[in-house]
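Undergrad: So here's data08.cif (mmCIF, C-alpha atoms).
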```
data_protein
#
loop_
_atom_site.label_atom_id
_atom_site.label_comp_id
_atom_site.auth_asym_id
_atom_site.auth_seq_id
_atom_site.Cartn_x
_atom_site.Cartn_y
_atom_site.Cartn_z
CA MET Z 14 0.00 0.00 0.00
CA GLN Z 15 1.25 3.47 -0.87
CA TYR Z 16 0.57 6.56 1.28
CA ASN Z 17 0.12 10.22 0.40
CA THR Z 18 -0.21 13.36 2.49
CA LEU Z 19 -3.80 14.59 2.66
CA GLY Z 20 -3.45 18.10 1.29
CA ARG Z 21 -1.57 20.21 3.83
CA THR Z 22 -3.03 18.49 6.90
CA GLY Z 23 0.04 16.33 7.55
CA LEU Z 24 -2.15 13.20 7.69
CA GLN Z 25 -0.75 10.21 5.80
CA ILE Z 26 -3.53 8.50 3.84
CA SER Z 27 -3.49 5.17 2.03
CA SER Z 28 -3.76 5.45 -1.75
CA LEU Z 29 -6.91 3.31 -1.56
CA ALA Z 30 -9.56 4.15 1.03
CA LEU Z 31 -12.60 2.17 2.15
CA GLY Z 32 -15.92 3.66 1.12
CA ALA Z 33 -18.82 2.38 3.22
CA MET Z 34 -21.79 3.25 1.02
CA ASN Z 35 -22.55 -0.45 0.58
CA PHE Z 36 -22.77 -1.07 4.32
CA GLY Z 37 -26.40 -1.79 5.19
CA LYS Z 38 -29.46 -2.02 3.02
CA ILE Z 39 -27.94 -0.37 -0.08
CA GLY Z 40 -25.40 -3.18 -0.44
CA ARG Z 41 -27.46 -5.74 1.46
CA THR Z 42 -24.56 -6.28 3.88
CA THR Z 43 -24.88 -7.41 7.47
CA GLN Z 44 -22.89 -6.09 10.44
CA ASP Z 45 -20.68 -9.18 10.40
CA GLU Z 46 -19.93 -8.66 6.71
CA ALA Z 47 -19.20 -4.95 7.22
CA THR Z 48 -16.87 -5.73 10.13
CA ALA Z 49 -15.06 -8.36 8.04
CA LEU Z 50 -14.56 -5.78 5.28
CA VAL Z 51 -13.13 -3.27 7.75
CA ASP Z 52 -10.88 -5.94 9.29
CA ALA Z 53 -9.48 -6.95 5.90
CA ALA Z 54 -9.07 -3.35 4.74
CA LEU Z 55 -7.11 -2.35 7.85
CA GLU Z 56 -4.99 -5.49 7.61
CA ALA Z 57 -4.12 -4.54 4.01
CA GLY Z 58 -2.95 -1.09 5.11
CA ILE Z 59 -6.01 1.01 4.31
CA ASN Z 60 -6.33 3.65 7.02
CA LEU Z 61 -9.19 5.91 5.87
CA ILE Z 62 -12.86 4.91 6.06
CA ASP Z 63 -15.42 7.16 4.40
CA THR Z 64 -19.15 7.06 5.03
CA ALA Z 65 -22.10 9.52 5.10
CA ASP Z 66 -25.20 10.17 7.15
CA VAL Z 67 -27.45 9.47 4.18
CA TYR Z 68 -26.06 6.01 3.36
CA SER Z 69 -28.90 3.60 4.17
CA GLY Z 70 -30.46 6.28 6.36
CA GLY Z 71 -27.64 6.25 8.91
CA GLN Z 72 -27.18 2.49 8.95
CA SER Z 73 -23.75 2.70 7.32
CA GLU Z 74 -22.45 5.03 10.03
CA GLU Z 75 -23.77 2.70 12.72
CA MET Z 76 -22.05 -0.30 11.11
CA VAL Z 77 -18.77 1.58 10.70
CA GLY Z 78 -18.91 2.63 14.34
CA LYS Z 79 -19.33 -0.94 15.53
CA ALA Z 80 -16.64 -2.20 13.15
CA ILE Z 81 -13.97 0.22 14.41
CA ALA Z 82 -14.83 -0.09 18.10
CA GLY Z 83 -11.64 -0.47 20.13
CA ARG Z 84 -9.38 0.81 17.34
CA ARG Z 85 -10.70 4.30 16.70
CA ASP Z 86 -7.25 5.87 16.84
CA ASP Z 87 -6.00 3.60 14.05
CA VAL Z 88 -8.52 5.01 11.57
CA VAL Z 89 -8.89 8.33 9.78
CA LEU Z 90 -12.67 8.57 9.95
CA ALA Z 91 -14.56 10.59 7.35
CA THR Z 92 -18.27 11.19 6.97
CA LYS Z 93 -20.52 13.60 5.11
CA ALA Z 94 -23.71 15.61 5.57
CA GLY Z 95 -25.96 17.71 3.39
CA LEU Z 96 -28.17 15.38 1.38
CA PRO Z 97 -31.79 15.04 2.59
CA MET Z 98 -32.34 12.95 5.71
CA GLY Z 99 -36.11 12.59 5.49
CA ASP Z 100 -38.97 14.80 4.37
CA GLU Z 101 -38.47 17.69 6.78
CA ARG Z 102 -37.28 20.61 4.64
CA ASN Z 103 -34.57 21.72 7.07
CA HIS Z 104 -33.08 18.24 7.47
CA GLN Z 105 -30.67 18.82 4.60
CA GLY Z 106 -28.22 21.35 3.21
CA SER Z 107 -25.29 23.11 4.85
CA SER Z 108 -26.94 25.66 7.14
CA ARG Z 109 -25.53 26.15 10.63
CA HIS Z 110 -28.82 24.78 12.01
CA TRP Z 111 -28.54 21.50 10.14
CA LEU Z 112 -24.80 20.90 10.33
CA ILE Z 113 -24.68 21.24 14.11
CA THR Z 114 -27.76 19.03 14.51
CA GLU Z 115 -26.61 16.36 12.08
CA LEU Z 116 -23.02 16.20 13.27
CA GLU Z 117 -24.29 15.29 16.72
CA ALA Z 118 -26.42 12.55 15.13
CA SER Z 119 -23.43 11.22 13.19
CA LEU Z 120 -21.29 11.17 16.33
CA ARG Z 121 -23.99 9.13 18.09
CA ARG Z 122 -24.35 6.69 15.20
CA LEU Z 123 -20.58 6.25 14.87
CA ASP Z 124 -20.20 6.14 18.68
CA VAL Z 125 -17.16 8.44 18.60
CA ASP Z 126 -16.38 11.85 20.10
CA HIS Z 127 -14.95 13.42 16.95
CA ILE Z 128 -14.76 13.11 13.16
CA ASP Z 129 -11.40 13.40 11.44
CA LEU Z 130 -12.81 14.70 8.14
CA TYR Z 131 -16.33 16.14 7.94
CA GLN Z 132 -17.46 16.78 4.37
CA ILE Z 133 -20.28 18.77 2.80
CA HIS Z 134 -21.88 16.19 0.54
CA ARG Z 135 -23.05 18.65 -2.12
CA TRP Z 136 -22.88 22.41 -2.59
CA ASP Z 137 -26.01 24.01 -1.13
CA PRO Z 138 -27.04 27.03 -3.24
CA ARG Z 139 -29.42 28.21 -0.51
CA THR Z 140 -26.68 28.74 2.07
CA SER Z 141 -23.80 31.22 1.92
CA ASP Z 142 -20.24 30.03 2.14
CA GLU Z 143 -19.74 32.24 5.19
CA GLU Z 144 -22.65 30.58 7.01
CA THR Z 145 -21.36 27.08 6.30
CA LEU Z 146 -17.69 27.78 6.95
CA SER Z 147 -18.49 29.63 10.17
CA ALA Z 148 -20.44 26.65 11.50
CA LEU Z 149 -17.70 24.21 10.48
CA THR Z 150 -15.00 26.40 12.02
CA ASP Z 151 -16.91 26.50 15.31
CA LEU Z 152 -17.30 22.71 15.28
CA GLN Z 153 -13.60 22.38 14.60
CA ARG Z 154 -12.68 24.70 17.46
CA ALA Z 155 -14.98 22.72 19.73
CA GLY Z 156 -12.95 19.58 18.92
CA LYS Z 157 -15.85 17.73 17.31
CA ILE Z 158 -14.22 17.69 13.87
CA ARG Z 159 -10.51 17.82 13.05
CA HIS Z 160 -10.75 18.93 9.42
CA PHE Z 161 -13.51 19.57 6.90
CA GLY Z 162 -13.89 19.27 3.16
CA SER Z 163 -16.26 19.47 0.23
CA SER Z 164 -17.66 16.80 -2.06
CA THR Z 165 -18.63 17.08 -5.71
CA PHE Z 166 -18.23 20.85 -5.80
CA PRO Z 167 -17.75 22.48 -9.20
CA ALA Z 168 -14.45 24.31 -9.56
CA TYR Z 169 -15.90 27.79 -9.27
CA ARG Z 170 -17.51 26.88 -5.92
CA ILE Z 171 -14.20 25.50 -4.65
CA VAL Z 172 -12.52 28.81 -5.49
CA GLN Z 173 -15.36 30.87 -4.02
CA ALA Z 174 -15.25 28.90 -0.75
CA GLN Z 175 -11.50 29.38 -0.47
CA TRP Z 176 -11.94 33.12 -0.98
CA ALA Z 177 -14.75 33.26 1.60
CA ALA Z 178 -12.63 31.48 4.19
CA SER Z 179 -9.74 33.88 3.67
CA SER Z 180 -11.96 36.98 3.56
CA HIS Z 181 -13.84 36.14 6.77
CA ARG Z 182 -10.85 34.60 8.60
CA LEU Z 183 -12.45 31.17 8.84
CA SER Z 184 -11.01 27.68 8.48
CA ARG Z 185 -11.16 26.36 4.94
CA TYR Z 186 -12.03 23.21 3.08
CA VAL Z 187 -8.88 21.09 3.02
CA THR Z 188 -10.21 18.32 0.77
CA GLU Z 189 -12.50 17.77 -2.18
CA GLN Z 190 -14.22 14.48 -3.01
CA PRO Z 191 -15.16 14.36 -6.71
CA ASN Z 192 -16.33 11.68 -9.13
CA TYR Z 193 -13.35 10.46 -11.18
CA SER Z 194 -12.64 7.47 -13.39
CA ILE Z 195 -11.37 6.66 -16.86
CA LEU Z 196 -14.94 7.17 -18.11
CA GLN Z 197 -15.50 10.43 -16.20
CA ARG Z 198 -12.48 12.70 -16.64
CA GLY Z 199 -14.15 16.12 -16.60
CA ILE Z 200 -12.56 17.17 -13.30
CA GLU Z 201 -9.19 17.24 -15.02
CA THR Z 202 -10.13 20.52 -16.71
CA GLN Z 203 -10.84 22.73 -13.69
CA VAL Z 204 -11.53 20.88 -10.42
CA LEU Z 205 -8.14 19.19 -10.10
CA PRO Z 206 -6.16 22.31 -11.07
CA ALA Z 207 -8.15 24.30 -8.48
CA ALA Z 208 -7.51 21.66 -5.81
CA GLN Z 209 -3.81 21.70 -6.58
CA GLU Z 210 -3.71 25.50 -6.50
CA TYR Z 211 -5.11 25.52 -2.96
CA GLY Z 212 -3.18 22.51 -1.70
CA MET Z 213 -6.30 20.41 -1.18
CA GLY Z 214 -6.33 16.68 -0.71
CA VAL Z 215 -8.50 14.85 -3.26
CA LEU Z 216 -10.42 11.66 -2.42
CA VAL Z 217 -12.17 10.40 -5.53
CA TRP Z 218 -15.38 8.39 -5.55
CA SER Z 219 -16.54 5.82 -8.11
CA PRO Z 220 -13.11 5.07 -9.63
CA LEU Z 221 -14.64 1.91 -11.10
CA ALA Z 222 -17.46 3.98 -12.66
CA SER Z 223 -20.26 2.22 -10.75
CA GLY Z 224 -18.95 -1.17 -11.86
CA TRP Z 225 -18.42 -0.40 -15.55
CA LEU Z 226 -14.65 -0.82 -15.04
CA SER Z 227 -14.83 -3.85 -12.75
CA GLY Z 228 -14.35 -6.36 -15.56
CA VAL Z 229 -17.79 -7.94 -15.23
CA ILE Z 230 -19.51 -5.67 -17.77
CA ARG Z 231 -18.66 -6.71 -21.32
CA GLU Z 232 -20.23 -6.75 -24.75
CA GLY Z 233 -22.82 -9.50 -25.21
CA GLN Z 234 -23.11 -10.28 -21.50
CA GLU Z 235 -26.12 -9.54 -19.32
CA ILE Z 236 -25.45 -6.71 -16.91
CA SER Z 237 -26.50 -7.96 -13.48
CA THR Z 238 -24.44 -5.98 -10.98
CA ASN Z 239 -25.92 -4.80 -7.69
CA ARG Z 240 -25.87 -1.19 -8.87
CA SER Z 241 -27.64 -2.00 -12.14
CA GLY Z 242 -30.53 -3.44 -10.16
CA PHE Z 243 -31.61 -0.05 -8.79
CA MET Z 244 -30.05 2.29 -11.39
CA GLN Z 245 -31.22 0.58 -14.56
CA HIS Z 246 -31.14 3.76 -16.67
CA ARG Z 247 -27.37 3.97 -16.18
CA PHE Z 248 -26.80 0.48 -17.59
CA ASP Z 249 -29.30 0.28 -20.45
CA VAL Z 250 -26.98 0.00 -23.46
CA SER Z 251 -29.75 1.09 -25.84
CA ILE Z 252 -29.19 4.59 -24.40
CA PRO Z 253 -26.42 6.36 -26.38
CA VAL Z 254 -24.28 7.44 -23.40
CA ASN Z 255 -24.31 3.89 -22.01
CA ARG Z 256 -23.45 2.52 -25.44
CA ALA Z 257 -20.48 4.88 -25.52
CA LYS Z 258 -19.36 3.62 -22.12
CA LEU Z 259 -19.59 0.00 -23.24
CA ASP Z 260 -17.62 0.73 -26.42
CA ALA Z 261 -14.90 2.39 -24.31
CA VAL Z 262 -14.87 -0.55 -21.89
CA GLU Z 263 -14.25 -3.00 -24.74
CA GLN Z 264 -11.28 -0.95 -25.95
CA LEU Z 265 -9.93 -0.58 -22.42
CA ALA Z 266 -10.24 -4.33 -21.86
CA ARG Z 267 -7.90 -4.91 -24.78
CA VAL Z 268 -5.40 -2.47 -23.30
CA ALA Z 269 -5.59 -4.24 -19.93
CA ASP Z 270 -5.18 -7.68 -21.51
CA GLY Z 271 -2.19 -6.52 -23.50
CA ALA Z 272 -0.54 -5.20 -20.34
CA GLY Z 273 -1.33 -8.30 -18.28
CA LEU Z 274 -3.61 -6.33 -15.97
CA THR Z 275 -7.15 -6.77 -14.71
CA MET Z 276 -9.65 -4.06 -15.54
CA ILE Z 277 -9.68 -3.11 -11.86
CA GLN Z 278 -5.91 -2.68 -11.87
CA LEU Z 279 -6.14 -0.55 -14.99
CA ALA Z 280 -8.93 1.60 -13.56
CA LEU Z 281 -7.43 2.17 -10.12
CA GLY Z 282 -3.91 2.53 -11.48
CA PHE Z 283 -5.14 5.27 -13.81
CA VAL Z 284 -6.85 7.24 -11.03
CA THR Z 285 -3.99 7.05 -8.54
CA ALA Z 286 -1.45 8.01 -11.21
CA HIS Z 287 -2.70 11.59 -11.28
CA PRO Z 288 -0.52 13.76 -9.00
CA ALA Z 289 -3.55 15.65 -7.68
CA ILE Z 290 -5.21 12.51 -6.33
CA THR Z 291 -4.56 11.58 -2.70
CA SER Z 292 -6.69 8.44 -2.52
CA ALA Z 293 -9.30 6.48 -4.45
CA LEU Z 294 -12.38 5.36 -2.54
CA ILE Z 295 -13.26 1.74 -3.18
CA GLY Z 296 -16.72 0.52 -2.18
CA PRO Z 297 -16.62 -3.28 -2.00
CA ARG Z 298 -19.75 -5.18 -1.14
CA THR Z 299 -18.02 -8.51 -0.48
CA ILE Z 300 -14.61 -9.71 0.70
CA ASP Z 301 -13.88 -10.99 -2.82
CA HIS Z 302 -14.58 -7.51 -4.19
CA LEU Z 303 -12.24 -6.02 -1.61
CA HIS Z 304 -9.38 -8.42 -2.36
CA SER Z 305 -9.65 -7.82 -6.12
CA GLN Z 306 -9.44 -4.07 -5.55
CA ILE Z 307 -6.65 -4.16 -2.96
CA ALA Z 308 -4.64 -6.16 -5.50
CA ALA Z 309 -4.45 -2.92 -7.51
CA ALA Z 310 -2.93 -0.90 -4.66
CA ASP Z 311 0.60 -1.01 -6.02
CA THR Z 312 -0.26 -0.89 -9.73
CA VAL Z 313 1.85 1.62 -11.63
CA LEU Z 314 0.85 2.23 -15.24
CA SER Z 315 3.49 2.98 -17.84
CA SER Z 316 3.34 6.08 -20.03
CA ASP Z 317 2.40 3.88 -23.00
CA ILE Z 318 -0.63 2.52 -21.16
CA LEU Z 319 -1.70 5.97 -19.99
CA ASP Z 320 -1.34 7.24 -23.58
CA ALA Z 321 -3.52 4.37 -24.79
CA ILE Z 322 -6.19 5.30 -22.25
CA ASP Z 323 -6.02 8.93 -23.39
CA ALA Z 324 -6.67 7.79 -26.96
CA ILE Z 325 -9.84 5.99 -25.89
CA VAL Z 326 -11.24 8.61 -23.49
CA PRO Z 327 -9.50 11.96 -24.08
CA PRO Z 328 -8.36 13.99 -21.07
CA GLY Z 329 -11.08 16.15 -19.56
CA THR Z 330 -13.89 14.12 -21.16
CA ASP Z 331 -17.00 12.90 -19.33
CA LEU Z 332 -18.74 10.10 -21.22
CA ALA Z 333 -21.83 10.56 -19.03
CA PRO Z 334 -21.76 14.15 -17.73
CA GLN Z 335 -25.31 13.95 -16.37
CA GLU Z 336 -24.10 11.41 -13.79
CA LYS Z 337 -21.50 13.70 -12.21
CA ASN Z 338 -23.84 15.53 -9.77
CA ASP Z 339 -21.78 18.72 -10.00
CA ALA Z 340 -23.62 20.64 -12.72
CA PRO Z 341 -24.45 24.30 -11.97
CA PRO Z 342 -28.16 24.59 -11.07
CA ALA Z 343 -28.92 26.65 -14.19
CA LEU Z 344 -27.99 23.69 -16.40
CA LEU Z 345 -30.66 21.57 -14.74
CA ASP Z 346 -33.45 24.13 -14.20
CA PRO Z 347 -34.43 26.01 -17.38
CA THR Z 348 -36.15 28.77 -15.39
CA LEU Z 349 -32.72 29.79 -14.07
CA ARG Z 350 -31.52 30.39 -17.62
CA ARG Z 351 -34.34 32.77 -18.54
CA ARG Z 352 -34.63 36.33 -17.41
CA ALA Z 353 -38.04 37.11 -15.91
CA VAL Z 354 -40.17 39.24 -18.20
CA THR Z 355 -41.54 42.37 -16.56
CA SER Z 356 -44.49 44.11 -18.19
CA PHE Z 357 -44.94 47.84 -17.95
CA SER Z 358 -48.24 49.61 -18.37
CA LYS Z 359 -48.68 53.23 -19.39
#
```
I'd like the structure from this file rewritten - as structure tokens, please.
TA:
Amino acid sequence: MQYNTLGRTGLQISSLALGAMNFGKIGRTTQDEATALVDAALEAGINLIDTADVYSGGQSEEMVGKAIAGRRDDVVLATKAGLPMGDERNHQGSSRHWLITELEASLRRLDVDHIDLYQIHRWDPRTSDEETLSALTDLQRAGKIRHFGSSTFPAYRIVQAQWAASSHRLSRYVTEQPNYSILQRGIETQVLPAAQEYGMGVLVWSPLASGWLSGVIREGQEISTNRSGFMQHRFDVSIPVNRAKLDAVEQLARVADGAGLTMIQLALGFVTAHPAITSALIGPRTIDHLHSQIAAADTVLSSDILDAIDAIVPPGTDLAPQEKNDAPPALLDPTLRRRAVTSFSK
């Protein structure tokens, strides 16, 4: 296992980190299975575990808490808040009201007294950067969080938040957690340069592109992964963007075969090769999944292989941009792109 410094925090983080989204009902995993995954990950040298309040309605945090009991100090523990936790309109976002309330809930579920890295799950357009950063700074000063970061923020919001922290003399986001894989390379254009400019650590999610790069999705084979069961529209190859992904996968499989690598080694080796990336979050559902992904921990891709990948999916290209979850609101809501018409009467 390789280790990198998490931004400018001084923390040494394994190049692969354990993502716990599959703990609980989403991945249909039991507590014993989740604990076995944590045991094996720590034994392999992984030292960061990432979860979120919203994963299985808090069940993932509870399972992580039980799995790390008695060895809390051996783990860099990360969680997130901001996505809706129920129907109540104020049980979401990054307001001071919600962050303070939900952090306490996460601490209870995890059964710990502090979080090492507390992340805002998505940018909240309803809340000012000053409001959010002020709340996070207060929580940090109270010792309830050590550091805080953002997740899936567009580049301009990363820059704006850094400016707001400096302008108002508040602590700043020290990490960003974006979507990044061979099939989704859009962050190379602006997000990664911005993160590097501000010395941020980068923890990337979905490096296997929701299973597309796991080696089990191939031309002519039925797609029957766990994720395809509840996200069918992202795996229907009659849809043009999914067809493009499958075509790219077939080309990438030939590159992997020629190099004597598995698709997982190719995919994770590509992500961790970028100098801006601190760690890639893997989200195994079974021990077999975990072992196949840990086997890629020391994979180093040659320049020839990286060039071959660039020829298949050019740098800065997202094959499925609508899946990135970082689009500015005006791209999704047409009313935000149209100036209101005001009528005047004589």
Undergrad: Please list as a PyMOL selection string every residue within 12 Å of stretch 336-345 of chain Z, counting only C-alpha atoms and excluding residues in the same chain fewer than 4 positions away.
TA: chain Z and resi 96+134-139+163-171+190-194+196-200+204+217-219+222-223+244+246-248+254-255+330-332+349-352
Undergrad: Using all atoms listed in the file for the distances, tell me which of Z:Gly214, Z:Gly106, Z:Pro97, Z:Gly162 is nearest to Z:Arg21.
TA: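 The shortest atom-to-atom distance to Z:Arg21 comes from Z:Gly214.
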Undergrad: When you draw a straight line from atom CA of Z:Ala177 to atom CA of Z:Glu143, how long is it in Å?
TA: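 Separation between atom CA of Z:Ala177 and atom CA of Z:Glu143: 6.2 Å.
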Undergrad: In the coordinate frame of the file, compute which residues have an atom within 9 Å of (-22.7, -1.3, 0.4) when using only C-alpha atoms, and state them as a list in words.
TA: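 Residues found, by chain and rising number: Gly32, Ala33, Met34, Asn35, Phe36, Gly37, Lys38, Ile39, Gly40, Arg41, Thr42, Ala47, Tyr68, Ser69, Ser73, Gly296, Pro297, Arg298 and Thr299 of chain Z.
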Undergrad: What's around Z:Ser227 at 8 Å? Count all atoms listed in the file, leave out sequence neighbours fewer than 3 positions away in its own chain, and write the answer as JSON, numbers by chain.
TA: {"Z": [221, 224, 230, 276, 277]}
Undergrad: Do you know which residues are at most 8 Å from stretch 109-125 of chain Z counting all atoms listed in the file, after dropping those on the same chain fewer than 5 positions away, and could you put them as a list in words?
TA: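 What passes the distance filter is Asp66, Gly71, Glu74, Glu75, Met76, Val77, Gly78, Lys79, Arg85, Ala94, Gly95, Asn103, His104, Glu144, Thr145, Ser147, Ala148, Leu149 and Leu152 of chain Z.
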Undergrad: Write out as a list in words the residues lying within 9 Å of stretch 49-60 of chain Z, counting only C-alpha atoms and excluding same-chain residues fewer than 2 positions away.
TA: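 The residues that qualify are Met14, Gln15, Gln25, Ile26, Ser27, Ser28, Leu29, Ala30, Leu31, Gln44, Asp45, Glu46, Ala47, Ile62, Val77, Ala80, Ile81, Asp87, Val88, Val89, Leu90, Pro297, Arg298, Thr299, Ile300, Leu303, His304 and Ile307 of chain Z.
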Undergrad: Work out how far atom CA of Z:Gly212 is from atom CA of Z:Thr64, in Å to one decimal.
TA: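 We find that atom CA of Z:Thr64 and atom CA of Z:Gly212 lie 23.2 Å from each other.
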Undergrad: The PyMOL selection byres ((chain Z and resi 285) around 12) on the file shown: which residues, as JSON, numbers by chain?
TA: {"Z": [14, 15, 16, 17, 27, 28, 29, 30, 193, 194, 195, 215, 216, 217, 218, 220, 278, 279, 280, 281, 282, 283, 284, 286, 287, 288, 289, 290, 291, 292, 293, 294, 295, 309, 310, 311, 312, 313, 314, 319]}
Undergrad: Measure the distance from atom CA of Z:Thr92 to atom CA of Z:Asp63 in Å and round it to one decimal.
TA: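 Here the two named atoms are 5.6 Å from each other.
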Undergrad: Between Z:Ser107, Z:Thr150, Z:Gln245, Z:Ser251, which has the minimum distance to Z:Arg182 (counting only C-alpha atoms)?
TA: Z:Thr150
Undergrad: I need the residue nearest Z:Met98 from this list: Z:Pro334, Z:Gly273, Z:Gly70, Z:Gly228. Use all atoms listed in the file for the distance.
TA: Z:Gly70
Undergrad: Choose the residue, out of Z:Ala178, Z:Val172, Z:Ile318, Z:Ser305, that has the smallest atom-to-atom separation from Z:Gln203; count only C-alpha atoms.
TA: Z:Val172
Undergrad: Select, from Z:Thr22, Z:Ser141, Z:Gln175, Z:Gln234, the residue with the minimum atom-to-atom distance to Z:His160, counting all atoms listed in the file.
TA: Z:Thr22
Undergrad: Applied to this file, what does the PyMOL selection byres ((chain Z and resi 211) around 9) return in terms of residues, put as a list in words?
TA: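 Matching residues under the PyMOL selection byres ((chain Z and resi 211) around 9) are Gly20, Val172, Gln175, Val187, Pro206, Ala207, Ala208, Gln209, Glu210, Gly212 and Met213 of chain Z.
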